[in-house]
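One structure below.
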Amino acid sequence: MREKNMLNILRDSSYTVVLSGTGLMAESGYPLLRDGAESYEIEEQYGYSFEEIFSSTFYSARKDLFFRFYKEILLKAVETPPGDGFYALKALQDHGLLNSIITRRIAGLEDRAGCRNVINMKGTVYQNVCPSCGKHYPVEYMKSAKGVPLCEDCLVAIRPQVCLFGEMIDNGVMTKAAEEVAKAEVLIVLGASLTSPLCSQMIQYYTGSNLILVSEREHYSDERADIIVRGRCDDFLKRLVSELEK
């Protein structure tokens, strides 16, 4: 059985890292704001594309529209809980089969499912900080604020601790993620093509023995994977957990 073979690979691995892409997120019912049909609706509703609004330029110059979008679209989207695939990742970690998880998504799904050693390369919407005094604010405060969320002490606009379009990913975060991938004997790519931004940034550091790709869609870059699992990521992960628990 494929699941048994896969589990043997994971059991024999000295270090296993997961690259968590948009596919697993979409399976949880999350909209793909940049690439999905929702992108057209955003442009029609706000007059700008997702990339334009969720940018450092917009945050600096158009805070009113930036935060309207942030609260109405992004913070509304994260009300959706993590799907079964994320809880299956946690279960595999609990069995000692996964060492770390790397993602560029900002919804904090892995963390919210209880996964450990998660590297959120672009931050998450759950981290919001006053740029003046450094005071942290929970996502609930951001949601409930009228207009631009302001620091209670400084009356300065609070800054979501996410990497906006036009900004570079923090050097320290990039280094940590690269070090994790460099340690990996097995690298599992979930719901992303091997040419996606996540994989393009990380796979260059991988020198292990088994690159496993799990994806519903075929892509010309699939041939770079050692093992290809065609189908939903959450179904694959749940099958592994089910096999483990027999």
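Each chain in the structure tokens gets a letter, A, B and so on, in the order shown; residues start at 1 in every chain, and ligands are counted from 1 in the order they appear.
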
Item to complete: Give the strand (DSSP E) residues of segment 207-239 of chain A, as DSSP finds them on the backbone, and put them as a PyMOL selection string.
Response: chain A and resi 210-215+227-230

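Counting only C-alpha atoms, Arg159 of chain A has the following residues at most 7 Å away, ignoring those fewer than 3 positions along the same chain: Asn128, Val129, Cys130 and Pro131 of chain A.
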
Residues from last step as file, N, CA and C atoms, as an mmCIF file, in the first residue's frame:
data_model
loop_
_atom_site.group_PDB
_atom_site.id
_atom_site.type_symbol
_atom_site.label_atom_id
_atom_site.label_comp_id
_atom_site.auth_asym_id
_atom_site.auth_seq_id
_atom_site.Cartn_x
_atom_site.Cartn_y
_atom_site.Cartn_z
ATOM 1 N N ASN A 128 0.060 42.061 15.173
ATOM 2 C CA ASN A 128 -0.159 43.463 14.815
ATOM 3 C C ASN A 128 0.499 44.335 15.880
ATOM 4 N N VAL A 129 1.336 45.244 15.455
ATOM 5 C CA VAL A 129 2.199 45.970 16.398
ATOM 6 C C VAL A 129 2.185 47.473 16.119
ATOM 7 N N CYS A 130 2.210 48.245 17.176
ATOM 8 C CA CYS A 130 2.371 49.695 17.033
ATOM 9 C C CYS A 130 3.824 49.978 16.627
ATOM 10 N N PRO A 131 4.048 50.643 15.502
ATOM 11 C CA PRO A 131 5.431 50.914 15.066
ATOM 12 C C PRO A 131 6.159 51.931 15.939
#

Discussion item. Applying 12 Å and only C-alpha atoms, which residues near Met142 of chain A remain after dropping the ones on its own chain fewer than 4 positions away? List them as a ChimeraX atom specification.
Written reply: /A:67-72,74-76,125-130,136-138,146-152,157-160

For those residues, write C-alpha atoms to a file as a short mmCIF file (atom, residue, chain, number, x, y, z; two decimals), in the first residue's frame.
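Now in selection.cif:
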data_model
loop_
_atom_site.label_atom_id
_atom_site.label_comp_id
_atom_site.auth_asym_id
_atom_site.auth_seq_id
_atom_site.Cartn_x
_atom_site.Cartn_y
_atom_site.Cartn_z
CA PHE A 67 -7.51 48.84 6.46
CA ARG A 68 -10.99 48.67 4.99
CA PHE A 69 -9.71 45.89 2.73
CA TYR A 70 -7.69 44.31 5.55
CA LYS A 71 -10.73 44.05 7.83
CA GLU A 72 -13.42 43.30 5.24
CA LEU A 74 -8.42 39.33 5.02
CA LEU A 75 -9.64 39.30 8.60
CA LYS A 76 -13.06 38.04 7.53
CA VAL A 125 -2.50 38.53 10.52
CA TYR A 126 -2.41 37.48 14.18
CA GLN A 127 0.60 39.73 14.78
CA ASN A 128 -0.16 43.46 14.81
CA VAL A 129 2.20 45.97 16.40
CA CYS A 130 2.37 49.69 17.03
CA HIS A 136 1.05 44.20 20.36
CA TYR A 137 -2.61 44.02 19.44
CA PRO A 138 -4.74 40.89 18.89
CA LYS A 146 -13.53 51.82 13.51
CA GLY A 147 -11.61 53.04 10.50
CA VAL A 148 -7.82 52.87 10.83
CA PRO A 149 -6.83 50.85 13.96
CA LEU A 150 -4.80 53.14 16.21
CA CYS A 151 -2.52 52.38 19.14
CA GLU A 152 -4.32 53.15 22.41
CA ALA A 157 -1.71 53.39 13.00
CA ILE A 158 -1.03 49.80 14.01
CA ARG A 159 1.14 47.83 11.57
CA PRO A 160 0.16 44.26 10.64
#

Worksheet item: Using only C-alpha atoms, which residues sit within 12 Å of Val78 of chain A once same-chain residues fewer than 5 positions away are excluded, as a PyMOL selection string?
Response: chain A and resi 25+28-31+70-73+83+105-109+112+124-126+139-140+143

Worksheet item: What gap, in Å, lies between atom CA of Ala184 of chain A and atom CA of Arg11 of chain A?
Response: 13.2 Å

Discussion item. Could you check the closest approach to Ala182 of chain A for each of A:Thr16, A:Met6, A:Gly85, A:Asp111 and tell me which residue wins, using only C-alpha atoms?
Written reply: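 Of the candidates, the smallest distance to Ala182 of chain A is held by A:Thr16.
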